[in-house]
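Q: Before we start, here is the structure in question, set down as structure tokens.
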Amino acid sequence: MMQPQIILLKEGTDSSQGVPQIVSNINACGAIADAVRTTLGPRGMDKLIVDNSGKATISNDGATILKTLDIVHPAARTLVDIAKSQDAEVGDGTTSVVLLAGEFLKQAKPYIEEGVHPQVVIRAFRRAAALAVDKVKELAVQIKKSDPEEQKSMLLKCASTSLSSKLVAHQKEFFSKMVVDAVLMLDELLPLNMIGIKKITGGALEDSRLVDGVAFKKTFSYAGFEMQPKSYSDPKIALLNVELELKAEKENAEIRIDNVTEYQKIVDAEWKILYDKLEKIHLSGAKVVLSKLPIGDVATQYFADRDMFCAGRVVEEDLRRTMKACGGSIQTSVGNLKNNVLGTCQKFEEIQVGGDRYNLFTGCPQAKTCTLLLRGGAEQFIEETERSLHDAIMIVRRAMKNDAVVAGGGAIEMELSKYLRDCSRTIAGKEQLLMGAMAKAFEVIPRQLCENAGFDATNILNKLRQSHAQGGRWFGVDILNEDIADNYEAFVWEPSVVKINAITAAAEATCLILSVDETIRNPKSSQEGGGGPPGRGRGRPM
């Protein structure tokens, strides 16, 4: 007699399990890797992504592309997460990490299909990843921090390697110098938010400039501001969080008066409060007054008459950066404006950049902050420039903290591939094959660099394998001459921490995806539009 089927899950629940499920997850991740595959390297292509509101983004930054794609496959989302984590931790190498994870899975797929247990694959991959990370640490070249010139040249090389695969690759000399100078201005902790980036459309990329201090857009101002001077030398700067204008009462206050003089007293009192505040600011000797809250027309005119400059409604982040650079502190009242709470700088000026006016504070005594003014044609272009510079800034920060570098351009991956292939031969059992598979997977980076540049990938990879077997550990793809070259000599450098992070994250993601053998998808509790499958009997085609 047939047993009745036992239903555990709600009707409509979709569950798939076993080997086909793992293979399906691997295929989904392969599709994600294919989406960013062509963006790798100096000759990588860009992607144009249009979101549902019609906003277009042009980018070749792996993390940006994956964030803007709306990915619904649950296993494939893991790759988006590792790209985000690589972006947050190191800043660059987001495409590489997705490619590595995709390739690890692709190499594992035939073994899974042939019935090798996923746990065996996972164990082998974990072991291989640990060996690879140790090898990167062993290969990495330490740069002496004691010599500032040598350190600076190392940082420049790391920045230009990062920028060479971006949209601004033609101006990489110009921008890598700018990025390194910007990071060297920060204090030991290298806080990212102390590098301000202002985007101004118009002009050429070379018109971009680095301000060793603070620059922000001129704020909304009232009548009278044109009479204020537009530049000062060695001014004192008052940073306030005080409103300097007459306000209508918020609460409905009721005052009963029986003659005009009393009314006049109330009005005078209000004006007196405002004028007292203004006088205290004037007497403090401050020449530039910045406030987070509005500065009204009376105050603007008052300051203009006394040769002072003021700007209200300054964005808090800019105000904090001004405080960091010029010293002083942000005051919430004007009662105690002594010299020790006022900032100062060598030069304050208001300049015209493109269609906007900018306030510049330069020659700051405690300049632990700087501002990049980016110029360029289209808005998307400037945004992509900003993303590229963000990657380069993160790379330079990492290289300053961890002063070990490896050669880029697929050199380190080929060396790891050779090393793992050699290691695998010393291991008996299934792990030997799986380690060999991971060794092969590392070749995806140099292969993709060749394919994106239109080279014969097989030919160049054979040359690379040969030179690495003969001990040429830093040989990688030479994009300029369609050949191989010693990339350490050619100064294609990147911090070793980028590679270590990428290998660890890719291996973790691979193991995570391989260990999932069932997906259960609950149906939505109430389907929109009254339920029922779309199409049938509603005048719509099936």
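We label chains A, B, ... in the order they appear in the structure tokens, count residues from 1 in each chain, and number ligands from 1 in the order shown.
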Tell me which protein, DNA and RNA residues are within 6 Å of range 451-464 of chain A, counting only C-alpha atoms, leaving out same-chain ones fewer than 6 positions away, and put them as a list of chain:residue names.

A: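 The neighbour list is A:Thr38, A:Arg43, A:Gly44.
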
Q: So that I can check the surroundings of Ala437 in chain A, please list as a VMD selection string every protein, DNA and RNA residue that reaches within 9 Å of it, counting only C-alpha atoms and ignoring chain neighbours fewer than 6 positions away.

A: chain A and resid 104 107 to 108 421

Q: Can you pull out every residue within 12 Å of Asp134 in chain A, counting only C-alpha atoms, but drop anything in the same chain fewer than 6 positions away, and send it as a list in words?

A: Arg127, Ala128, Ala140, Leu416, Tyr419, Leu420, Ser496, Val497, Lys499, Ile500, Ile503 and Thr504 of chain A

Q: Restricting the output to all heavy atoms, write the selected residues as a compact mmCIF listing (two decimals), in the first residue's frame.

A:
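Just written: selection.txt:
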```
# COMPACT_ATOMS: atom_id res chain seq x y z
N ARG A 127 43.47 24.05 3.06
CA ARG A 127 44.89 23.79 3.26
C ARG A 127 45.72 24.54 2.23
O ARG A 127 46.74 25.16 2.55
CB ARG A 127 45.11 22.28 3.14
CG ARG A 127 46.52 21.84 3.45
CD ARG A 127 46.52 20.32 3.56
NE ARG A 127 47.87 19.82 3.66
CZ ARG A 127 48.16 18.53 3.70
NH1 ARG A 127 47.19 17.64 3.66
NH2 ARG A 127 49.40 18.11 3.79
N ALA A 128 45.26 24.49 0.96
CA ALA A 128 45.98 25.16 -0.11
C ALA A 128 46.00 26.67 0.09
O ALA A 128 47.02 27.33 -0.12
CB ALA A 128 45.35 24.83 -1.46
N ALA A 140 56.95 38.39 -0.06
CA ALA A 140 56.81 39.85 -0.03
C ALA A 140 58.13 40.54 0.30
O ALA A 140 58.91 40.05 1.12
CB ALA A 140 55.75 40.24 0.99
N LEU A 416 52.43 31.52 -7.09
CA LEU A 416 51.63 30.70 -6.16
C LEU A 416 51.15 29.43 -6.86
O LEU A 416 51.11 28.36 -6.27
CB LEU A 416 50.40 31.50 -5.69
CG LEU A 416 50.68 32.65 -4.73
CD1 LEU A 416 49.40 33.42 -4.44
CD2 LEU A 416 51.29 32.16 -3.44
N TYR A 419 53.98 27.06 -6.96
CA TYR A 419 54.29 26.58 -5.60
C TYR A 419 53.26 25.52 -5.17
O TYR A 419 53.61 24.46 -4.65
CB TYR A 419 54.28 27.78 -4.65
CG TYR A 419 54.40 27.42 -3.18
CD1 TYR A 419 55.57 26.87 -2.68
CD2 TYR A 419 53.35 27.63 -2.31
CE1 TYR A 419 55.68 26.56 -1.33
CE2 TYR A 419 53.44 27.32 -0.97
CZ TYR A 419 54.61 26.78 -0.48
OH TYR A 419 54.71 26.46 0.84
N LEU A 420 51.97 25.82 -5.40
CA LEU A 420 50.93 24.86 -4.98
C LEU A 420 51.01 23.58 -5.81
O LEU A 420 50.76 22.49 -5.31
CB LEU A 420 49.54 25.49 -5.12
CG LEU A 420 49.17 26.55 -4.09
CD1 LEU A 420 47.78 27.09 -4.35
CD2 LEU A 420 49.24 26.00 -2.68
N SER A 496 51.29 43.51 -0.27
CA SER A 496 51.02 42.06 -0.15
C SER A 496 49.69 41.81 0.55
O SER A 496 49.03 40.81 0.32
CB SER A 496 52.15 41.39 0.62
OG SER A 496 52.27 41.97 1.89
N VAL A 497 49.27 42.78 1.40
CA VAL A 497 48.02 42.59 2.15
C VAL A 497 46.81 42.49 1.22
O VAL A 497 45.83 41.82 1.52
CB VAL A 497 47.86 43.71 3.21
CG1 VAL A 497 47.64 45.04 2.57
CG2 VAL A 497 46.73 43.42 4.16
N LYS A 499 46.77 40.94 -1.70
CA LYS A 499 46.73 39.55 -2.18
C LYS A 499 46.28 38.60 -1.07
O LYS A 499 45.50 37.69 -1.29
CB LYS A 499 48.11 39.13 -2.70
CG LYS A 499 48.50 39.86 -3.95
CD LYS A 499 47.57 39.52 -5.09
CE LYS A 499 47.76 40.42 -6.28
NZ LYS A 499 46.58 40.51 -7.11
N ILE A 500 46.84 38.82 0.13
CA ILE A 500 46.50 37.92 1.24
C ILE A 500 45.00 37.97 1.51
O ILE A 500 44.33 36.95 1.64
CB ILE A 500 47.31 38.31 2.51
CG1 ILE A 500 48.78 38.01 2.28
CG2 ILE A 500 46.78 37.58 3.74
CD1 ILE A 500 49.72 38.54 3.34
N ILE A 503 43.00 36.24 -1.36
CA ILE A 503 43.06 34.76 -1.35
C ILE A 503 42.19 34.22 -0.21
O ILE A 503 41.40 33.29 -0.39
CB ILE A 503 44.52 34.28 -1.19
CG1 ILE A 503 45.34 34.68 -2.41
CG2 ILE A 503 44.57 32.77 -0.99
CD1 ILE A 503 46.84 34.57 -2.22
N THR A 504 42.34 34.84 0.97
CA THR A 504 41.56 34.37 2.13
C THR A 504 40.08 34.49 1.86
O THR A 504 39.31 33.55 2.07
CB THR A 504 41.92 35.21 3.39
OG1 THR A 504 43.30 35.47 3.37
CG2 THR A 504 41.56 34.49 4.65
```

Q: Identify, on the basis of only C-alpha atoms, every residue whose closest approach to range 191-208 of chain A does not exceed 7 Å; exclude the query and any residue fewer than 6 positions from it along the same chain; express the result as a PDB file with all heavy atoms, in the first residue's frame.

A:
```
ATOM      1  N   ARG A 321      36.790  69.348   9.531  1.00  0.00           N
ATOM      2  CA  ARG A 321      38.090  69.281   8.869  1.00  0.00           C
ATOM      3  C   ARG A 321      38.838  70.603   9.002  1.00  0.00           C
ATOM      4  O   ARG A 321      40.053  70.622   9.155  1.00  0.00           O
ATOM      5  CB  ARG A 321      37.921  68.885   7.398  1.00  0.00           C
ATOM      6  CG  ARG A 321      37.569  67.416   7.258  1.00  0.00           C
ATOM      7  CD  ARG A 321      37.584  66.854   5.868  1.00  0.00           C
ATOM      8  NE  ARG A 321      38.402  67.577   4.947  1.00  0.00           N
ATOM      9  CZ  ARG A 321      37.934  68.245   3.900  1.00  0.00           C
ATOM     10  NH1 ARG A 321      36.653  68.265   3.652  1.00  0.00           N
ATOM     11  NH2 ARG A 321      38.744  68.870   3.101  1.00  0.00           N
ATOM     12  N   GLY A 354      35.547  76.631 -11.784  1.00  0.00           N
ATOM     13  CA  GLY A 354      34.407  76.295 -12.638  1.00  0.00           C
ATOM     14  C   GLY A 354      33.300  77.312 -12.412  1.00  0.00           C
ATOM     15  O   GLY A 354      33.524  78.511 -12.387  1.00  0.00           O
ATOM     16  N   THR A 369      44.856  67.318   7.311  1.00  0.00           N
ATOM     17  CA  THR A 369      43.740  67.070   6.394  1.00  0.00           C
ATOM     18  C   THR A 369      44.052  67.756   5.071  1.00  0.00           C
ATOM     19  O   THR A 369      44.895  68.647   5.019  1.00  0.00           O
ATOM     20  CB  THR A 369      42.423  67.617   6.978  1.00  0.00           C
ATOM     21  OG1 THR A 369      41.405  67.463   5.998  1.00  0.00           O
ATOM     22  CG2 THR A 369      42.531  69.075   7.345  1.00  0.00           C
ATOM     23  N   CYS A 370      43.430  67.293   4.011  1.00  0.00           N
ATOM     24  CA  CYS A 370      43.645  67.923   2.714  1.00  0.00           C
ATOM     25  C   CYS A 370      42.398  67.715   1.873  1.00  0.00           C
ATOM     26  O   CYS A 370      41.524  66.919   2.220  1.00  0.00           O
ATOM     27  CB  CYS A 370      44.863  67.324   2.029  1.00  0.00           C
ATOM     28  SG  CYS A 370      44.712  65.564   1.867  1.00  0.00           S
ATOM     29  N   THR A 371      42.324  68.431   0.775  1.00  0.00           N
ATOM     30  CA  THR A 371      41.139  68.354  -0.077  1.00  0.00           C
ATOM     31  C   THR A 371      41.568  68.199  -1.522  1.00  0.00           C
ATOM     32  O   THR A 371      42.470  68.896  -1.984  1.00  0.00           O
ATOM     33  CB  THR A 371      40.311  69.652   0.065  1.00  0.00           C
ATOM     34  OG1 THR A 371      40.153  69.931   1.444  1.00  0.00           O
ATOM     35  CG2 THR A 371      38.953  69.499  -0.559  1.00  0.00           C
ATOM     36  N   LEU A 372      40.935  67.254  -2.207  1.00  0.00           N
ATOM     37  CA  LEU A 372      41.193  67.095  -3.645  1.00  0.00           C
ATOM     38  C   LEU A 372      40.061  67.784  -4.402  1.00  0.00           C
ATOM     39  O   LEU A 372      38.890  67.472  -4.171  1.00  0.00           O
ATOM     40  CB  LEU A 372      41.202  65.606  -4.015  1.00  0.00           C
ATOM     41  CG  LEU A 372      42.268  64.734  -3.369  1.00  0.00           C
ATOM     42  CD1 LEU A 372      41.936  63.272  -3.584  1.00  0.00           C
ATOM     43  CD2 LEU A 372      43.626  65.025  -3.932  1.00  0.00           C
ATOM     44  N   LEU A 373      40.409  68.737  -5.252  1.00  0.00           N
ATOM     45  CA  LEU A 373      39.392  69.363  -6.112  1.00  0.00           C
ATOM     46  C   LEU A 373      39.481  68.678  -7.469  1.00  0.00           C
ATOM     47  O   LEU A 373      40.466  68.839  -8.189  1.00  0.00           O
ATOM     48  CB  LEU A 373      39.666  70.862  -6.261  1.00  0.00           C
ATOM     49  CG  LEU A 373      39.624  71.713  -4.988  1.00  0.00           C
ATOM     50  CD1 LEU A 373      39.905  73.163  -5.317  1.00  0.00           C
ATOM     51  CD2 LEU A 373      38.282  71.603  -4.302  1.00  0.00           C
ATOM     52  N   LEU A 374      38.484  67.872  -7.802  1.00  0.00           N
ATOM     53  CA  LEU A 374      38.521  67.111  -9.053  1.00  0.00           C
ATOM     54  C   LEU A 374      37.766  67.841 -10.139  1.00  0.00           C
ATOM     55  O   LEU A 374      36.649  68.295  -9.935  1.00  0.00           O
ATOM     56  CB  LEU A 374      37.881  65.726  -8.865  1.00  0.00           C
ATOM     57  CG  LEU A 374      38.564  64.776  -7.902  1.00  0.00           C
ATOM     58  CD1 LEU A 374      37.846  63.442  -7.920  1.00  0.00           C
ATOM     59  CD2 LEU A 374      40.014  64.580  -8.269  1.00  0.00           C
ATOM     60  N   ARG A 375      38.388  67.949 -11.302  1.00  0.00           N
ATOM     61  CA  ARG A 375      37.724  68.557 -12.451  1.00  0.00           C
ATOM     62  C   ARG A 375      37.557  67.500 -13.528  1.00  0.00           C
ATOM     63  O   ARG A 375      38.282  66.516 -13.552  1.00  0.00           O
ATOM     64  CB  ARG A 375      38.574  69.699 -13.033  1.00  0.00           C
ATOM     65  CG  ARG A 375      39.019  70.744 -12.052  1.00  0.00           C
ATOM     66  CD  ARG A 375      37.863  71.502 -11.456  1.00  0.00           C
ATOM     67  NE  ARG A 375      36.916  72.013 -12.424  1.00  0.00           N
ATOM     68  CZ  ARG A 375      37.042  73.153 -13.101  1.00  0.00           C
ATOM     69  NH1 ARG A 375      38.080  73.909 -12.921  1.00  0.00           N
ATOM     70  NH2 ARG A 375      36.109  73.547 -13.941  1.00  0.00           N
ATOM     71  N   GLY A 376      36.641  67.722 -14.447  1.00  0.00           N
ATOM     72  CA  GLY A 376      36.471  66.766 -15.542  1.00  0.00           C
ATOM     73  C   GLY A 376      35.211  67.090 -16.313  1.00  0.00           C
ATOM     74  O   GLY A 376      34.427  67.941 -15.907  1.00  0.00           O
ATOM     75  N   GLY A 377      35.020  66.387 -17.422  1.00  0.00           N
ATOM     76  CA  GLY A 377      33.883  66.691 -18.292  1.00  0.00           C
ATOM     77  C   GLY A 377      32.568  66.218 -17.728  1.00  0.00           C
ATOM     78  O   GLY A 377      31.915  66.918 -16.966  1.00  0.00           O
ATOM     79  N   ALA A 378      32.177  64.991 -18.077  1.00  0.00           N
ATOM     80  CA  ALA A 378      30.852  64.508 -17.694  1.00  0.00           C
ATOM     81  C   ALA A 378      30.809  64.150 -16.217  1.00  0.00           C
ATOM     82  O   ALA A 378      31.827  63.837 -15.610  1.00  0.00           O
ATOM     83  CB  ALA A 378      30.511  63.278 -18.525  1.00  0.00           C
ATOM     84  N   GLU A 379      29.619  64.195 -15.657  1.00  0.00           N
ATOM     85  CA  GLU A 379      29.455  63.914 -14.233  1.00  0.00           C
ATOM     86  C   GLU A 379      29.862  62.481 -13.901  1.00  0.00           C
ATOM     87  O   GLU A 379      30.555  62.225 -12.920  1.00  0.00           O
ATOM     88  CB  GLU A 379      27.988  64.131 -13.853  1.00  0.00           C
ATOM     89  CG  GLU A 379      27.788  64.383 -12.373  1.00  0.00           C
ATOM     90  CD  GLU A 379      26.362  64.822 -12.075  1.00  0.00           C
ATOM     91  OE1 GLU A 379      25.841  65.696 -12.789  1.00  0.00           O
ATOM     92  OE2 GLU A 379      25.788  64.251 -11.162  1.00  0.00           O
ATOM     93  N   ILE A 382      33.608  62.121 -13.641  1.00  0.00           N
ATOM     94  CA  ILE A 382      34.210  62.589 -12.384  1.00  0.00           C
ATOM     95  C   ILE A 382      33.936  61.592 -11.264  1.00  0.00           C
ATOM     96  O   ILE A 382      34.786  61.342 -10.417  1.00  0.00           O
ATOM     97  CB  ILE A 382      33.651  63.984 -11.993  1.00  0.00           C
ATOM     98  CG1 ILE A 382      34.001  64.991 -13.064  1.00  0.00           C
ATOM     99  CG2 ILE A 382      34.243  64.443 -10.679  1.00  0.00           C
ATOM    100  CD1 ILE A 382      33.712  66.404 -12.691  1.00  0.00           C
TER     101      ILE A 382
END
```

Q: Using only C-alpha atoms, which protein or nucleic acid residues come within 6 Å of range 479-494 of chain A? Drop anything in the same chain fewer than 4 positions from it, and give the result as a PyMOL selection string.

A: chain A and resi 158+161+405-408+474-475

Q: Taking all heavy atoms for each residue, export the selection above as a PDB file, in the first residue's frame.

A:
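again-v2.pdb was written with the following content:
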```pdb
ATOM      1  N   CYS A 158      52.899  51.871  -5.948  1.00  0.00           N
ATOM      2  CA  CYS A 158      51.671  51.151  -5.592  1.00  0.00           C
ATOM      3  C   CYS A 158      50.438  51.912  -6.099  1.00  0.00           C
ATOM      4  O   CYS A 158      49.495  51.312  -6.613  1.00  0.00           O
ATOM      5  CB  CYS A 158      51.576  50.968  -4.077  1.00  0.00           C
ATOM      6  SG  CYS A 158      52.791  49.818  -3.447  1.00  0.00           S
ATOM      7  N   THR A 161      50.143  51.581  -9.887  1.00  0.00           N
ATOM      8  CA  THR A 161      49.683  50.234 -10.284  1.00  0.00           C
ATOM      9  C   THR A 161      48.174  50.141 -10.112  1.00  0.00           C
ATOM     10  O   THR A 161      47.470  49.597 -10.961  1.00  0.00           O
ATOM     11  CB  THR A 161      50.368  49.151  -9.421  1.00  0.00           C
ATOM     12  OG1 THR A 161      51.772  49.277  -9.560  1.00  0.00           O
ATOM     13  CG2 THR A 161      49.954  47.757  -9.864  1.00  0.00           C
ATOM     14  N   VAL A 405      55.610  44.646  -0.171  1.00  0.00           N
ATOM     15  CA  VAL A 405      54.975  44.679  -1.492  1.00  0.00           C
ATOM     16  C   VAL A 405      55.315  43.410  -2.276  1.00  0.00           C
ATOM     17  O   VAL A 405      56.317  42.747  -2.008  1.00  0.00           O
ATOM     18  CB  VAL A 405      55.414  45.914  -2.327  1.00  0.00           C
ATOM     19  CG1 VAL A 405      54.900  47.189  -1.720  1.00  0.00           C
ATOM     20  CG2 VAL A 405      56.921  45.959  -2.474  1.00  0.00           C
ATOM     21  N   VAL A 406      54.435  43.089  -3.242  1.00  0.00           N
ATOM     22  CA  VAL A 406      54.713  41.996  -4.173  1.00  0.00           C
ATOM     23  C   VAL A 406      54.521  42.553  -5.582  1.00  0.00           C
ATOM     24  O   VAL A 406      53.954  43.633  -5.746  1.00  0.00           O
ATOM     25  CB  VAL A 406      53.741  40.807  -3.960  1.00  0.00           C
ATOM     26  CG1 VAL A 406      53.993  40.135  -2.636  1.00  0.00           C
ATOM     27  CG2 VAL A 406      52.297  41.237  -4.079  1.00  0.00           C
ATOM     28  N   ALA A 407      54.994  41.803  -6.584  1.00  0.00           N
ATOM     29  CA  ALA A 407      54.830  42.273  -7.960  1.00  0.00           C
ATOM     30  C   ALA A 407      53.423  41.959  -8.436  1.00  0.00           C
ATOM     31  O   ALA A 407      52.876  40.900  -8.139  1.00  0.00           O
ATOM     32  CB  ALA A 407      55.845  41.590  -8.859  1.00  0.00           C
ATOM     33  N   GLY A 408      52.830  42.915  -9.168  1.00  0.00           N
ATOM     34  CA  GLY A 408      51.475  42.706  -9.681  1.00  0.00           C
ATOM     35  C   GLY A 408      51.531  42.126 -11.094  1.00  0.00           C
ATOM     36  O   GLY A 408      52.519  41.517 -11.489  1.00  0.00           O
ATOM     37  N   TRP A 474      59.294  36.821 -10.273  1.00  0.00           N
ATOM     38  CA  TRP A 474      58.479  38.043 -10.425  1.00  0.00           C
ATOM     39  C   TRP A 474      58.016  38.256 -11.862  1.00  0.00           C
ATOM     40  O   TRP A 474      57.672  39.356 -12.246  1.00  0.00           O
ATOM     41  CB  TRP A 474      59.258  39.274  -9.960  1.00  0.00           C
ATOM     42  CG  TRP A 474      59.555  39.311  -8.494  1.00  0.00           C
ATOM     43  CD1 TRP A 474      60.767  39.536  -7.918  1.00  0.00           C
ATOM     44  CD2 TRP A 474      58.647  39.136  -7.400  1.00  0.00           C
ATOM     45  NE1 TRP A 474      60.671  39.500  -6.552  1.00  0.00           N
ATOM     46  CE2 TRP A 474      59.377  39.255  -6.198  1.00  0.00           C
ATOM     47  CE3 TRP A 474      57.277  38.873  -7.311  1.00  0.00           C
ATOM     48  CZ2 TRP A 474      58.801  39.140  -4.939  1.00  0.00           C
ATOM     49  CZ3 TRP A 474      56.704  38.750  -6.053  1.00  0.00           C
ATOM     50  CH2 TRP A 474      57.466  38.888  -4.888  1.00  0.00           C
ATOM     51  N   PHE A 475      58.058  37.210 -12.681  1.00  0.00           N
ATOM     52  CA  PHE A 475      57.637  37.410 -14.075  1.00  0.00           C
ATOM     53  C   PHE A 475      56.120  37.425 -14.189  1.00  0.00           C
ATOM     54  O   PHE A 475      55.438  36.549 -13.666  1.00  0.00           O
ATOM     55  CB  PHE A 475      58.233  36.326 -14.985  1.00  0.00           C
ATOM     56  CG  PHE A 475      59.588  36.706 -15.488  1.00  0.00           C
ATOM     57  CD1 PHE A 475      60.716  36.499 -14.715  1.00  0.00           C
ATOM     58  CD2 PHE A 475      59.739  37.318 -16.724  1.00  0.00           C
ATOM     59  CE1 PHE A 475      61.974  36.887 -15.167  1.00  0.00           C
ATOM     60  CE2 PHE A 475      60.980  37.707 -17.178  1.00  0.00           C
ATOM     61  CZ  PHE A 475      62.111  37.496 -16.401  1.00  0.00           C
TER      62      PHE A 475
END
```

Q: Find the residue from A:Gln228, A:Ser96, A:Gln17, A:Ser417 that sits nearest to Arg306 in chain A; use only C-alpha atoms when measuring.

A: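 Residue with the minimum atom-to-atom distance to Arg306 in chain A: A:Gln228.
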
Q: Near Leu167 in chain A, within 8 Å and counting only C-alpha atoms, which residues show up once chain neighbours fewer than 5 positions away are dropped, as a list in words?

A: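 Surrounding residues, per the criterion: Asn60, Glu384, Thr385 and Ser388 of chain A.
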
Q: DSSP on the backbone, then: every residue of range 270-468 of chain A marked strand (DSSP E or B), written as a VMD selection string.

A: chain A and resid 288 to 291 295 309 to 311 331 343 to 344 347 to 353 356 to 362 370 to 376 404 to 407

Q: At a cut-off of 8 Å, using only C-alpha atoms, what residues contact range 109-124 of chain A? Leave out same-chain residues fewer than 4 positions from it and give the result as a ChimeraX atom specification.

A: /A:19,23,26,105,128,430-431,434-435,511,514-515

Q: Report the residues of range 108-144 of chain A whose backbone DSSP state falls under helix (DSSP H, G or I), written as a list in words.

A: Ala108, Lys109, Pro110, Tyr111, Ile112, Glu113, Pro118, Gln119, Val120, Val121, Ile122, Arg123, Ala124, Phe125, Arg126, Arg127, Ala128, Ala129, Ala130, Leu131, Ala132, Val133, Asp134, Lys135, Val136, Lys137, Glu138 and Leu139 of chain A

Q: Got time to write the residues from that selection, C-alpha atoms, as a tab-separated table (two decimals), in the first residue's frame?

A:
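Contents of the output file result19.tsv:
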```
chain	number	residue	atom	x	y	z
A	108	ALA	CA	36.00	22.22	-8.11
A	109	LYS	CA	32.90	21.60	-10.26
A	110	PRO	CA	34.09	18.48	-12.19
A	111	TYR	CA	35.15	16.80	-8.91
A	112	ILE	CA	31.77	17.51	-7.30
A	113	GLU	CA	29.98	16.15	-10.38
A	118	PRO	CA	32.25	18.53	-0.85
A	119	GLN	CA	33.94	18.29	2.55
A	120	VAL	CA	37.01	16.68	0.97
A	121	VAL	CA	37.19	19.56	-1.53
A	122	ILE	CA	36.75	22.12	1.26
A	123	ARG	CA	39.51	20.56	3.38
A	124	ALA	CA	41.94	20.58	0.43
A	125	PHE	CA	41.08	24.16	-0.54
A	126	ARG	CA	41.50	25.43	3.04
A	127	ARG	CA	44.89	23.79	3.26
A	128	ALA	CA	45.98	25.16	-0.11
A	129	ALA	CA	44.78	28.68	0.77
A	130	ALA	CA	46.78	28.61	4.02
A	131	LEU	CA	49.89	27.52	2.10
A	132	ALA	CA	49.32	30.26	-0.49
A	133	VAL	CA	48.97	32.98	2.16
A	134	ASP	CA	52.17	31.83	3.89
A	135	LYS	CA	53.96	31.87	0.54
A	136	VAL	CA	52.84	35.45	-0.18
A	137	LYS	CA	54.16	36.53	3.23
A	138	GLU	CA	57.45	34.80	2.52
A	139	LEU	CA	57.79	36.29	-0.99
```
